[in-house]
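K.L.:
Below is model.tsv; it holds TSV, C-alpha atoms.
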chain	number	residue	atom	x	y	z
S	1	MET	CA	0.00	0.00	0.00
S	2	LEU	CA	2.76	2.44	0.99
S	3	ALA	CA	4.78	1.65	-2.13
S	4	ARG	CA	1.79	2.20	-4.41
S	5	LYS	CA	0.81	5.48	-2.76
S	6	THR	CA	4.39	6.72	-2.93
S	7	LEU	CA	4.60	5.95	-6.64
S	8	ILE	CA	1.28	7.70	-7.34
S	9	HIS	CA	1.71	10.82	-5.21
S	10	GLU	CA	5.43	11.30	-5.77
S	11	TRP	CA	5.51	10.31	-9.44
S	12	PRO	CA	7.69	13.28	-10.53
S	13	ARG	CA	10.53	11.84	-8.43
S	14	PHE	CA	10.18	8.41	-10.02
S	15	LEU	CA	9.59	9.69	-13.57
S	16	PRO	CA	13.31	9.81	-14.50
S	17	ALA	CA	13.64	6.21	-13.33
S	18	VAL	CA	10.64	5.15	-15.44
S	19	VAL	CA	12.13	6.92	-18.48
S	20	ALA	CA	15.50	5.23	-17.85
S	21	VAL	CA	13.85	1.80	-17.64
S	22	ALA	CA	11.85	2.51	-20.80
S	23	PHE	CA	14.99	3.66	-22.62
S	24	SER	CA	16.90	0.58	-21.52
S	25	GLY	CA	14.04	-1.70	-22.58
S	26	LEU	CA	13.68	0.06	-25.93
S	27	LEU	CA	17.41	-0.33	-26.64
S	28	LEU	CA	17.25	-4.00	-25.75
S	29	LEU	CA	14.12	-4.68	-27.82
S	30	ALA	CA	15.43	-2.71	-30.80
S	31	GLN	CA	18.76	-4.52	-30.71
S	32	ALA	CA	17.05	-7.90	-30.45
S	33	SER	CA	14.68	-7.12	-33.33
S	34	LEU	CA	17.60	-6.06	-35.53
S	35	VAL	CA	19.52	-9.24	-34.72
S	36	LEU	CA	16.46	-11.39	-35.50
S	37	GLY	CA	15.71	-9.43	-38.66
S	38	ILE	CA	19.22	-9.23	-40.06
S	39	PHE	CA	20.24	-12.81	-39.41
S	40	GLY	CA	16.75	-14.10	-40.12
S	41	ASN	CA	17.33	-12.87	-43.68
S	42	ALA	CA	20.09	-15.46	-44.05
S	43	ALA	CA	17.40	-18.14	-43.90
S	44	VAL	CA	14.82	-16.35	-46.05
S	45	TYR	CA	15.04	-19.18	-48.61
S	46	ILE	CA	13.71	-21.54	-45.93
S	47	THR	CA	11.33	-19.34	-43.96
S	48	ALA	CA	9.68	-17.98	-47.11
S	49	SER	CA	8.96	-21.51	-48.37
S	50	ASP	CA	6.46	-24.06	-47.08
S	51	ALA	CA	8.60	-27.17	-47.57
S	52	ASP	CA	8.81	-29.55	-44.59
S	53	ILE	CA	12.14	-31.22	-45.42
S	54	TRP	CA	15.39	-29.99	-47.01
S	55	ILE	CA	18.00	-32.31	-48.54
S	56	GLY	CA	21.50	-30.98	-49.19
S	57	SER	CA	25.19	-31.87	-49.31
S	58	PRO	CA	26.73	-33.34	-46.12
S	59	GLY	CA	28.29	-30.89	-43.68
S	60	THR	CA	26.40	-27.86	-44.97
S	61	GLN	CA	26.49	-25.23	-42.22
S	62	SER	CA	24.43	-22.54	-43.94
S	63	ILE	CA	22.06	-22.65	-46.89
S	64	ASP	CA	24.32	-20.43	-48.99
S	65	GLN	CA	27.12	-23.05	-48.72
S	66	GLY	CA	25.29	-25.89	-50.46
S	67	LEU	CA	27.12	-27.96	-53.10
S	68	PRO	CA	25.62	-29.60	-56.21
S	69	LEU	CA	23.66	-32.80	-55.52
S	70	ASN	CA	23.27	-36.00	-57.47
S	71	PRO	CA	19.92	-35.60	-59.29
S	72	ASP	CA	19.25	-39.33	-58.80
S	73	ILE	CA	18.34	-38.52	-55.19
S	74	GLU	CA	15.00	-37.20	-56.43
S	75	MET	CA	13.60	-40.60	-57.38
S	76	PRO	CA	13.76	-42.32	-53.95
S	77	LEU	CA	12.32	-39.16	-52.43
S	78	ARG	CA	9.29	-39.35	-54.70
S	79	MET	CA	8.90	-43.06	-53.98
S	80	ASP	CA	8.77	-42.58	-50.20
S	81	ARG	CA	5.23	-43.22	-48.96
S	82	GLY	CA	5.37	-40.21	-46.61
S	83	ILE	CA	6.34	-37.65	-49.27
S	84	ALA	CA	3.61	-35.71	-51.05
S	85	ALA	CA	5.73	-33.48	-53.33
S	86	VAL	CA	9.40	-32.90	-54.24
S	87	GLU	CA	11.07	-29.93	-55.91
S	88	PRO	CA	14.69	-29.26	-56.91
S	89	PHE	CA	16.19	-25.95	-55.79
S	90	TYR	CA	18.90	-24.35	-57.91
S	91	LEU	CA	20.87	-21.83	-55.83
S	92	ARG	CA	23.47	-20.07	-57.95
S	93	SER	CA	26.01	-17.30	-57.43
S	94	ALA	CA	26.14	-14.95	-60.41
S	95	GLU	CA	27.67	-11.66	-61.46
S	96	TRP	CA	25.07	-8.93	-61.89
S	97	ARG	CA	25.70	-6.12	-64.34
S	98	SER	CA	23.33	-3.26	-65.05
S	99	PRO	CA	23.64	-0.46	-67.63
S	100	GLU	CA	23.06	2.06	-64.83
S	101	VAL	CA	25.87	0.80	-62.54
S	102	HIS	CA	29.58	0.67	-63.34
S	103	GLY	CA	31.12	-2.70	-62.51
S	104	GLY	CA	29.41	-5.84	-61.32
S	105	MET	CA	28.25	-7.31	-58.05
S	106	SER	CA	27.64	-10.81	-56.76
S	107	VAL	CA	24.02	-11.91	-56.36
S	108	ALA	CA	22.36	-15.16	-55.31
S	109	VAL	CA	20.02	-16.56	-57.95
S	110	SER	CA	17.27	-18.87	-56.72
S	111	GLY	CA	15.85	-21.13	-59.38
S	112	VAL	CA	12.36	-22.28	-58.37
S	113	ASP	CA	9.56	-24.38	-59.78
S	114	VAL	CA	7.15	-21.93	-61.39
S	115	ARG	CA	4.22	-24.33	-61.57
S	116	PRO	CA	1.16	-23.47	-59.45
S	117	GLY	CA	1.49	-24.67	-55.87
S	118	GLY	CA	5.29	-24.52	-55.84
S	119	MET	CA	6.80	-24.77	-52.35
S	120	LEU	CA	9.83	-22.53	-52.78
S	121	PHE	CA	9.20	-18.89	-51.81
S	122	SER	CA	5.47	-19.60	-51.67
S	123	ARG	CA	5.08	-17.00	-48.91
S	124	LEU	CA	6.56	-14.25	-51.08
S	125	LEU	CA	5.70	-15.08	-54.68
S	126	SER	CA	2.14	-14.46	-55.78
S	127	PRO	CA	0.64	-16.93	-58.28
S	128	GLU	CA	0.76	-14.19	-60.93
S	129	LEU	CA	4.48	-13.51	-60.44
S	130	ARG	CA	5.25	-17.23	-60.34
S	131	GLU	CA	3.45	-17.67	-63.66
S	132	ARG	CA	5.29	-14.73	-65.25
S	133	LEU	CA	8.65	-16.20	-64.19
S	134	ALA	CA	7.99	-19.08	-66.58
S	135	GLU	CA	9.32	-16.83	-69.36
S	136	ILE	CA	13.04	-17.55	-69.72
S	137	GLY	CA	15.24	-14.63	-68.65
S	138	THR	CA	12.74	-13.02	-66.28
S	139	ILE	CA	13.55	-12.32	-62.62
S	140	VAL	CA	12.07	-10.89	-59.42
S	141	VAL	CA	14.07	-8.81	-56.91
S	142	ASP	CA	13.45	-7.14	-53.57
S	143	ARG	CA	12.03	-3.62	-53.71
S	144	ALA	CA	14.72	-2.35	-51.34
S	145	ASP	CA	17.51	-3.66	-53.62
S	146	LEU	CA	16.46	-1.77	-56.76
S	147	HIS	CA	18.83	1.14	-56.08
S	148	LYS	CA	21.69	-1.18	-55.15
S	149	LEU	CA	21.21	-3.18	-58.35
S	150	GLY	CA	20.76	-0.05	-60.44
S	151	THR	CA	17.53	-1.23	-61.97
S	152	ARG	CA	13.75	-0.84	-61.82
S	153	GLN	CA	10.70	-2.88	-62.63
S	154	GLY	CA	10.97	-3.68	-66.32
S	155	GLY	CA	14.71	-2.93	-66.25
S	156	GLN	CA	17.32	-4.92	-68.14
S	157	ALA	CA	20.53	-6.45	-66.76
S	158	THR	CA	22.80	-9.45	-67.21
S	159	LEU	CA	23.58	-12.45	-64.97
S	160	ASN	CA	26.91	-14.09	-65.86
S	161	GLY	CA	26.57	-12.41	-69.23
S	162	HIS	CA	23.02	-13.66	-69.92
S	163	PRO	CA	20.37	-10.95	-70.42
S	164	VAL	CA	17.55	-10.84	-67.86
S	165	ARG	CA	14.55	-8.58	-67.26
S	166	VAL	CA	12.97	-7.54	-63.94
S	167	ILE	CA	9.28	-8.44	-64.21
S	168	GLY	CA	8.36	-7.88	-60.56
S	169	VAL	CA	9.48	-6.58	-57.18
S	170	ILE	CA	8.53	-7.90	-53.75
S	171	SER	CA	9.40	-7.21	-50.12
S	172	GLY	CA	11.04	-9.60	-47.67
S	173	LEU	CA	13.77	-10.93	-49.97
S	174	ARG	CA	16.76	-8.88	-48.76
S	175	ALA	CA	20.08	-10.67	-48.31
S	176	LEU	CA	22.84	-10.25	-45.74
S	177	ASP	CA	25.36	-9.87	-48.54
S	178	GLY	CA	24.73	-8.78	-52.10
S	179	ALA	CA	21.16	-9.34	-53.26
S	180	ASN	CA	18.70	-12.17	-53.83
S	181	VAL	CA	17.22	-12.76	-57.26
S	182	LEU	CA	14.31	-15.12	-57.97
S	183	ALA	CA	14.05	-16.87	-61.31
S	184	SER	CA	12.66	-20.05	-62.78
S	185	SER	CA	14.73	-23.22	-62.55
S	186	VAL	CA	15.31	-22.98	-66.30
S	187	THR	CA	16.69	-19.44	-66.05
S	188	ALA	CA	18.86	-20.38	-63.06
S	189	ARG	CA	20.39	-23.29	-64.96
S	190	LEU	CA	20.92	-21.00	-67.93
S	191	VAL	CA	23.06	-18.56	-65.91
S	192	SER	CA	24.94	-21.35	-64.08
S	193	THR	CA	28.71	-21.65	-64.34
S	194	PRO	CA	30.20	-24.75	-66.00
S	195	ASP	CA	31.10	-26.16	-62.55
S	196	GLU	CA	27.48	-25.92	-61.41
S	197	GLY	CA	25.91	-27.15	-64.63
S	198	ASP	CA	22.36	-28.47	-64.34
S	199	LEU	CA	22.82	-30.03	-60.89
S	200	PRO	CA	20.40	-28.93	-58.17
S	201	THR	CA	21.77	-27.49	-54.92
S	202	TYR	CA	18.95	-28.82	-52.76
S	203	PHE	CA	15.80	-30.88	-52.92
S	204	VAL	CA	12.79	-29.81	-50.86
S	205	ALA	CA	9.89	-32.02	-49.95
S	206	LYS	CA	6.43	-31.77	-48.41
S	207	VAL	CA	5.14	-34.61	-46.23
S	208	ARG	CA	1.64	-36.02	-46.43
S	209	THR	CA	1.07	-35.93	-42.66
S	210	PRO	CA	2.79	-33.06	-40.77
S	211	SER	CA	2.83	-35.04	-37.52
S	212	GLU	CA	5.01	-37.68	-39.21
S	213	ALA	CA	7.53	-35.21	-40.62
S	214	GLU	CA	10.33	-36.21	-38.24
S	215	ALA	CA	9.80	-39.92	-38.91
S	216	VAL	CA	9.95	-39.29	-42.66
S	217	ARG	CA	13.09	-37.19	-42.26
S	218	GLU	CA	14.85	-39.94	-40.30
S	219	ARG	CA	13.81	-42.58	-42.81
S	220	ILE	CA	15.18	-40.56	-45.73
S	221	ALA	CA	18.35	-39.71	-43.80
S	222	ASN	CA	19.10	-43.43	-43.31
S	223	GLN	CA	18.94	-44.17	-47.03
S	224	ARG	CA	22.27	-43.91	-48.86
S	225	SER	CA	21.53	-45.62	-52.20
S	226	PHE	CA	22.17	-42.56	-54.36
S	227	GLY	CA	25.19	-40.86	-52.83
S	228	ALA	CA	25.86	-38.80	-49.74
S	229	TYR	CA	23.41	-36.20	-48.53
S	230	GLU	CA	22.05	-34.71	-45.32
S	231	VAL	CA	18.42	-34.19	-44.37
S	232	TRP	CA	16.98	-31.43	-42.18
S	233	SER	CA	13.53	-30.30	-41.19
S	234	SER	CA	12.76	-26.71	-42.19
S	235	LYS	CA	13.08	-25.52	-38.59
S	236	GLN	CA	16.40	-27.32	-38.11
S	237	PHE	CA	17.91	-25.93	-41.31
S	238	SER	CA	16.65	-22.40	-40.61
S	239	ARG	CA	18.08	-22.47	-37.08
S	240	LYS	CA	21.35	-23.95	-38.31
S	241	THR	CA	21.75	-21.22	-40.93
S	242	GLN	CA	20.95	-18.36	-38.58
S	243	LEU	CA	23.23	-19.66	-35.82
S	244	TYR	CA	26.06	-20.03	-38.29
S	245	TRP	CA	25.79	-16.39	-39.37
S	246	LEU	CA	25.28	-15.20	-35.82
S	247	LEU	CA	27.99	-17.19	-34.02
S	248	GLN	CA	30.58	-18.14	-36.64
S	249	THR	CA	30.97	-15.01	-38.75
S	250	GLY	CA	32.57	-11.64	-38.06
S	251	ALA	CA	29.27	-9.88	-38.67
S	252	GLY	CA	27.55	-11.96	-36.02
S	253	ALA	CA	30.33	-11.43	-33.47
S	254	GLY	CA	30.19	-7.67	-34.03
S	255	VAL	CA	26.42	-7.51	-33.58
S	256	LEU	CA	26.53	-9.66	-30.43
S	257	PHE	CA	29.29	-7.47	-28.95
S	258	LEU	CA	27.26	-4.34	-29.70
S	259	ALA	CA	24.18	-5.95	-28.13
S	260	GLY	CA	26.19	-6.64	-24.98
S	261	VAL	CA	27.44	-3.05	-24.82
S	262	VAL	CA	23.90	-1.74	-25.27
S	263	PHE	CA	22.61	-3.98	-22.47
S	264	LEU	CA	25.37	-2.96	-20.05
S	265	ALA	CA	24.96	0.73	-20.83
S	266	GLY	CA	21.20	0.53	-20.37
S	267	ALA	CA	21.60	-1.43	-17.15
S	268	ALA	CA	24.06	1.14	-15.72
S	269	ILE	CA	21.83	4.11	-16.57
S	270	THR	CA	18.71	2.40	-15.26
S	271	SER	CA	20.24	1.21	-12.02
S	272	GLN	CA	21.79	4.56	-11.12
S	273	THR	CA	18.61	6.49	-11.94
S	274	LEU	CA	16.40	4.08	-9.99
S	275	ILE	CA	18.73	4.04	-7.00
S	276	ALA	CA	18.72	7.84	-6.99
S	277	ALA	CA	14.90	7.93	-7.11
S	278	ILE	CA	14.57	5.52	-4.19
S	279	ALA	CA	17.34	7.28	-2.29
S	280	GLY	CA	15.18	10.42	-2.34
S	281	SER	CA	12.90	8.68	0.16
S	282	MET	CA	15.70	7.75	2.54
S	283	ARG	CA	14.53	10.19	5.23
S	284	ALA	CA	11.04	8.71	5.14
S	285	TYR	CA	12.47	5.21	5.37
S	286	ALA	CA	14.75	6.29	8.21
S	287	THR	CA	11.74	7.65	10.11
S	288	LEU	CA	9.94	4.33	9.68
S	289	LYS	CA	13.06	2.47	10.74
S	290	ALA	CA	13.41	4.66	13.86
S	291	MET	CA	9.76	3.96	14.69
S	292	GLY	CA	10.52	0.24	14.78
S	293	VAL	CA	9.40	-0.87	11.33
S	294	SER	CA	11.23	-4.09	10.52
S	295	ALA	CA	13.96	-4.28	7.90
S	296	SER	CA	12.03	-6.89	5.95
S	297	SER	CA	8.98	-4.57	5.72
S	298	LEU	CA	11.14	-1.71	4.43
S	299	ARG	CA	12.81	-4.04	1.93
S	300	THR	CA	9.38	-5.10	0.66
S	301	VAL	CA	8.33	-1.47	0.19
S	302	VAL	CA	11.48	-0.60	-1.76
S	303	LEU	CA	11.26	-3.68	-3.96
S	304	LYS	CA	7.60	-2.98	-4.70
S	305	GLN	CA	8.55	0.53	-5.77
S	306	ALA	CA	11.29	-0.87	-8.00
S	307	PHE	CA	8.82	-3.40	-9.42
S	308	GLY	CA	6.27	-0.67	-10.15
S	309	VAL	CA	8.88	1.46	-11.89
S	310	GLY	CA	10.04	-1.59	-13.87
S	311	VAL	CA	6.53	-2.56	-15.01
S	312	THR	CA	5.67	1.01	-16.05
S	313	GLY	CA	8.96	1.47	-17.90
S	314	THR	CA	8.69	-1.90	-19.64
S	315	ALA	CA	5.15	-1.14	-20.81
S	316	LEU	CA	6.29	2.22	-22.18
S	317	ALA	CA	9.24	0.53	-23.91
S	318	ALA	CA	6.88	-2.00	-25.53
S	319	ILE	CA	4.66	0.76	-26.92
S	320	LEU	CA	7.65	2.69	-28.27
S	321	CYS	CA	9.10	-0.48	-29.76
S	322	VAL	CA	5.89	-1.22	-31.68
S	323	VAL	CA	5.99	2.30	-33.14
S	324	LEU	CA	9.68	2.01	-33.96
S	325	LEU	CA	9.31	-1.39	-35.66
S	326	THR	CA	6.38	-0.11	-37.70
S	327	ILE	CA	8.47	2.80	-38.95
S	328	ALA	CA	11.44	0.51	-39.63
S	329	ARG	CA	9.38	-1.93	-41.69
S	330	GLY	CA	8.02	0.99	-43.68
S	331	GLN	CA	11.62	1.91	-44.56
S	332	ASN	CA	12.50	-1.71	-45.50
S	333	VAL	CA	14.75	-2.14	-42.46
S	334	PRO	CA	15.10	-5.87	-41.63
S	335	VAL	CA	13.52	-6.14	-38.17
S	336	ARG	CA	11.61	-8.97	-36.54
S	337	MET	CA	10.31	-9.73	-33.06
S	338	THR	CA	8.95	-12.90	-31.50
S	339	PRO	CA	6.92	-13.28	-28.28
S	340	VAL	CA	9.69	-15.37	-26.70
S	341	VAL	CA	12.41	-12.79	-27.37
S	342	ALA	CA	10.13	-9.95	-26.22
S	343	ALA	CA	9.44	-11.84	-22.97
S	344	ILE	CA	13.18	-12.39	-22.41
S	345	CYS	CA	13.88	-8.69	-22.92
S	346	ALA	CA	11.08	-7.78	-20.46
S	347	ILE	CA	12.49	-10.19	-17.87
S	348	LEU	CA	15.98	-8.70	-18.24
S	349	VAL	CA	14.67	-5.15	-17.79
S	350	MET	CA	12.64	-6.16	-14.75
S	351	ALA	CA	15.70	-7.91	-13.34
S	352	ILE	CA	17.70	-4.69	-13.72
S	353	ALA	CA	14.98	-2.75	-11.89
S	354	LEU	CA	14.74	-5.24	-9.01
S	355	ILE	CA	18.52	-5.51	-8.63
S	356	SER	CA	18.69	-1.72	-8.47
S	357	GLY	CA	16.06	-1.85	-5.73
S	358	LEU	CA	18.19	-4.35	-3.80
S	359	PHE	CA	21.18	-1.99	-4.00
S	360	ALA	CA	19.00	0.79	-2.59
S	361	VAL	CA	17.92	-1.52	0.25
S	362	ARG	CA	21.56	-2.27	1.08
S	363	ARG	CA	22.28	1.43	1.32
S	364	LEU	CA	19.30	1.89	3.61
S	365	HIS	CA	20.49	-0.88	5.92
S	366	ARG	CA	24.00	0.60	6.10
S	367	GLU	CA	22.79	4.08	7.05
S	368	ASP	CA	22.20	5.12	10.66
S	369	PRO	CA	18.63	6.42	11.04
S	370	ALA	CA	19.85	9.23	13.28
S	371	SER	CA	22.22	10.51	10.60
S	372	LEU	CA	19.46	10.48	7.97
S	373	LEU	CA	17.06	12.44	10.18
S	374	ARG	CA	19.42	15.37	10.78
Could you express the structure from this file as structure tokens?
P.N.:
Amino acid sequence: MLARKTLIHEWPRFLPAVVAVAFSGLLLLAQASLVLGIFGNAAVYITASDADIWIGSPGTQSIDQGLPLNPDIEMPLRMDRGIAAVEPFYLRSAEWRSPEVHGGMSVAVSGVDVRPGGMLFSRLLSPELRERLAEIGTIVVDRADLHKLGTRQGGQATLNGHPVRVIGVISGLRALDGANVLASSVTARLVSTPDEGDLPTYFVAKVRTPSEAEAVRERIANQRSFGAYEVWSSKQFSRKTQLYWLLQTGAGAGVLFLAGVVFLAGAAITSQTLIAAIAGSMRAYATLKAMGVSASSLRTVVLKQAFGVGVTGTALAAILCVVLLTIARGQNVPVRMTPVVAAICAILVMAIALISGLFAVRRLHREDPASLLR
């Protein structure tokens, strides 16, 4: 009761602490959303498709590192009783050249099945765009990459010297490095290098019964009649790709280090501001202590105040984060947030607030009530 009344009636004193908690939470949420968005883009090939199983070369750590597969693998996949559909995926690296940009740049070309109901990039490609990609030499790029590629919708360019035309633009296709280009499997094979030839990089499959997906994956993984390959579920392969970019690349190490710095800076600002706000009530606490109020009761009051400040600041941070993410998505900034990550960030911010409250309690216990009442 005392903690709640103090927060309500003396809110100007606690306002800086609330703002500090909100700022710390916003920094944490923004950093987490950028990490999820940026490194989630590495697995866009997987997350934008509705395949259940991916088959690739053994030892593949990230989807962009796949090697050509033996095409004979496709037949036993189609013969498996648990598989409903199979598609080859041609992932190629090509040199992009545009009349509007001097020099070339490396792009990733994804060759997909353009027939209706195709699994690859089904969450990004509309049926109309998929049908238009059936024309050889046509491609689709991300809207945010148009300036980088020096092109526009309807623009002309070359991939490994082969002429191509941009027949559509979509959102959600941005790459960590270079740019992603969608094309039909025929066009992708056309721009392939001699080393790549007509060999697919992956096979993707859809199971008949989703609940049996893991059993089907294990059954396929144990077959070795047509060469070496590795089998992953979509979730496994997506997680594997994102963790590789996050933990085993320089870009990931830099982002994680920055996230740590942001967390420590936010924690320091929040703790000092909250301790200062609670310290402003030291005389009142000293009076209660001199009147015989127990230390545990005073500790409860201080921790409730810290909890109230933490909850208010976290709620404000959540509102600001929603606004910030909306603006970021409107500017094609790769950001993403999940309920689990948001909950973890909220727990961390609340932990900072409560730990700051504990530090204030320690100071109160160390002080002599007589000295505080002078």
K.L.:
Please check which residues have atoms at most 10 Å from (13.8, 12.0, -11.8) in the file's coordinates, counting only C-alpha atoms, and write them as an MDAnalysis selection string.
P.N.:
chainID S and resid 11:20 273:274 276:277 280
K.L.:
Work out how far apart atom CA of S:Glu212 and atom CA of S:Ser233 are and give it in Å to one decimal.
P.N.:
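One can read the atom CA of S:Glu212 to atom CA of S:Ser233 distance as 11.4 Å.
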K.L.:
Around (27.5, -27.4, -43.3) in the file's own coordinates, what residues are found within 12 Å if you use all atoms listed in the file, given back as a list in words?
P.N.:
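Within the cut-off we find Ile55, Gly56, Ser57, Pro58, Gly59, Thr60, Gln61, Ser62, Ile63, Asp64, Gln65, Gly66, Leu67, Tyr229, Glu230, Val231, Trp232, Phe237, Lys240, Thr241, Leu243, Tyr244, Trp245 and Gln248 of chain S.
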K.L.:
My list of candidates is S:Gly308, S:Gly172, S:Gly227, S:Pro68. Which is closest to S:Ile38 when distances are computed with all atoms listed in the file?
P.N.:
S:Gly172
K.L.:
Show which residues sit within 9 Å of S:Leu256, as a VMD selection string. Count only C-alpha atoms, and ignore same-chain residues fewer than 5 positions away.
P.N.:
chain S and resid 35 246 to 247 251 261
K.L.:
Could you tell me how far atom CA of S:Met337 sits from atom CA of S:Ala315, in Å to one decimal place?
P.N.:
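Distance reported for this atom pair: 15.8 Å.
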K.L.:
I need the residue nearest S:Gly197 from this list: S:Pro71, S:Gly117, S:Gly155, S:Gly357. Use all atoms listed in the file for the distance.
P.N.:
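Of S:Pro71, S:Gly117, S:Gly155, S:Gly357, the one nearest S:Gly197 is S:Pro71, counting all atoms listed in the file.
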K.L.:
What does the distance from atom CA of S:Val340 to atom CA of S:Leu320 come to in Å, to one decimal?
P.N.:
18.2 Å
K.L.:
Report as a PyMOL selection string all protein, DNA and RNA residues lying within 6 Å of stretch 126-137 of chain S, evaluated on all atoms listed in the file, omitting residues in the same chain fewer than 5 positions from it.
P.N.:
chain S and resi 114+164+184+187
K.L.:
Could you take the residues named above and write them with C-alpha atoms, as a PDB file, in the coordinates of the input?
P.N.:
ATOM      1  CA  VAL S 114       7.150 -21.930 -61.390  1.00  0.00           C
ATOM      2  CA  VAL S 164      17.550 -10.840 -67.860  1.00  0.00           C
ATOM      3  CA  SER S 184      12.660 -20.050 -62.780  1.00  0.00           C
ATOM      4  CA  THR S 187      16.690 -19.440 -66.050  1.00  0.00           C
TER       5      THR S 187
END
K.L.:
Identify which of the residues S:Val191, S:Ile83, S:Val311, S:Ala342 lies closest to S:Trp96, counting all atoms listed in the file when measuring atom-to-atom distances.
P.N.:
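Nearest candidate to S:Trp96 out of S:Val191, S:Ile83, S:Val311, S:Ala342: S:Val191.
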K.L.:
Taking all atoms of stretch 180-197 of chain S that appear in the file, build a box with edges along x, y and z, extend it by 8 Å on every side, and state its centre and edge lengths in Å to one decimal, as AutoDock Vina command-line options.
P.N.:
--center_x 21.9 --center_y -19.7 --center_z -60.9 --size_x 34.4 --size_y 31.0 --size_z 30.1
